[in-house]
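This report concerns only the one structure given below.
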Amino acid sequence: MPIEVVLEDGRWETLNVVVLASQGFNAVMQYFELDPQIYEVEILACDDNRIAELNFDFRGIEKSTNVLSWPSVDRSPGSEGQFPTKIMRDSDGFMGDIAMSYDTCLREGNVSERKVEHHISHLFVHAMLHLMGFDHENDKDAVLMETIEVEILGKMGIDSPYRE
């Protein structure tokens, strides 16, 4: 199965996280013309306490966050603003892991003018792009990544999350 969701926090079921993750996964695969049947992502659907632990353990940051991602291998490009060259074509199929916090995602979704489900879909697409080697650590990379996010979300019927 391409998407494996570990529901550590049952509240995620109210938001149909498995459906949202599957839709996002398929949209990303379609955008890059990749066969979704040969790729796999594992998702931990957790709460703020758990993601804060993970954020500290892996990034040294003592607070919760909305989403974290761990690519199975480094697929980042060699230069700023460049497309990752190893996206997934030379892979064993395992893309990596994603963790999402129900509390933070719900809080952010509620304060924005967007549907919570759209916010979660955006964060999932964002995390998938991280698994594929995209990043936003500098302006060139951020523009590239955000442009791709907006295009994928648009194909999903979701408006741009970025203020125009």
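Identifiers in the structure tokens: chain A, B, ... in order shown; residue index from 1 per chain; ligand index from 1 in order shown.
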message: Run DSSP on the backbone and tell me which residues of chain A come out as strand (DSSP E); list them as an NGL selection string.
response: :A and (3-7 or 40-46 or 67-71 or 94-101)
- request: Write out as a ChimeraX atom specification each polymer residue whose atoms come within 12 Å of His118 in chain A, counting only C-alpha atoms; drop sequence neighbours fewer than 5 positions from it.
  value: /A:15-17,20-21,23-24,105-106,108-110,112-113,123-125,150,153-154,156-161
- request: Write out as a PyMOL selection string the residues lying within 10 Å of range 9-12 of chain A, counting only C-alpha atoms and excluding same-chain residues fewer than 2 positions away.
  value: chain A and resi 6-7+14-18+44-48+50+100-103+106
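Coordinates place CA of Ser64 in chain A at a distance of 20.7 Å from CA of Leu129 in chain A.
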- line: Nearest to His122 in chain A, restricted to only C-alpha atoms and choosing among A:Glu80, A:Asp139, A:Glu146, A:Glu33, comes out as A:Glu146
- request: Can you work out the spacing between CA of Phe32 in chain A and CA of Glu149 in chain A in Å, to one decimal?
  value: 11.9 Å
task: Name the residues of chain A that come out as alpha helix (DSSP H) in a backbone DSSP run; write them as a PyMOL selection string.
output: chain A and resi 17-31+48-59+102-111+116-131+139-155
- prompt: How many Å separate CA of Met145 in chain A from CA of Phe83 in chain A?
  reply: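 Between these atoms lies a distance of 9.2 Å.
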Near-Asn55 in chain A list (8 Å; only C-alpha atoms; drop same-chain fewer than 4 positions) as a PyMOL selection string: chain A and resi 51+59-65+68
Got time to write the residues from that selection, C-alpha atoms, as a short mmCIF file (atom, residue, chain, number, x, y, z; two decimals), in the first residue's frame?
data_model
loop_
_atom_site.label_atom_id
_atom_site.label_comp_id
_atom_site.auth_asym_id
_atom_site.auth_seq_id
_atom_site.Cartn_x
_atom_site.Cartn_y
_atom_site.Cartn_z
CA ILE A 51 5.44 16.03 17.50
CA ARG A 59 15.84 19.26 15.08
CA GLY A 60 16.69 20.39 18.62
CA ILE A 61 13.62 22.64 18.68
CA GLU A 62 11.59 22.50 21.88
CA LYS A 63 8.08 23.14 20.55
CA SER A 64 5.36 21.52 18.51
CA THR A 65 5.02 22.08 14.79
CA LEU A 68 7.81 17.00 9.98
#
message: When you look at Val73 in chain A with a cut-off of 8 Å (counting only C-alpha atoms), what residues show up, excluding the ones that are within fewer than 2 positions of it in the same chain? I need them as a ChimeraX atom specification.
response: /A:71,75,95-96
query: Closest to Val5 in chain A among A:Ser76, A:Glu42, A:Val19, A:Asp141, using only C-alpha atoms?
result: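 Among A:Ser76, A:Glu42, A:Val19, A:Asp141, it is A:Glu42 that comes nearest to Val5 in chain A.
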query: With distances taken over only C-alpha atoms, which of A:Phe134, A:Tyr31, A:Tyr39, A:Phe25 is nearest to Gly93 in chain A?
result: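 Checking each candidate against Gly93 in chain A, we get A:Tyr39 as the closest.
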Contacts of Ser72 in chain A within 12 Å, only C-alpha atoms, excl. fewer than 4 positions in-chain, as a compact mmCIF listing (two decimals) with C-alpha atoms, in the first residue's frame:
# COMPACT_ATOMS: atom_id res chain seq x y z
CA TYR A 39 6.16 4.30 -3.99
CA GLU A 40 5.45 4.28 -0.29
CA VAL A 41 5.15 6.86 2.49
CA GLU A 42 4.55 6.28 6.17
CA SER A 76 18.26 17.66 -2.61
CA ILE A 87 13.40 12.90 -7.38
CA MET A 88 12.31 9.27 -7.19
CA SER A 91 14.58 4.68 -5.75
CA ASP A 92 13.59 1.49 -4.02
CA GLY A 93 10.15 3.03 -3.67
CA PHE A 94 10.24 4.09 -0.03
CA MET A 95 10.04 7.88 0.01
CA GLY A 96 10.23 8.46 3.75
CA ASP A 97 8.22 9.35 6.83
CA ILE A 98 5.89 12.21 7.69
CA MET A 128 5.79 15.08 0.18
CA HIS A 130 10.39 17.62 1.13
CA LEU A 131 10.62 13.84 0.76
CA MET A 132 11.34 14.38 -2.93
CA GLY A 133 14.23 16.78 -2.29
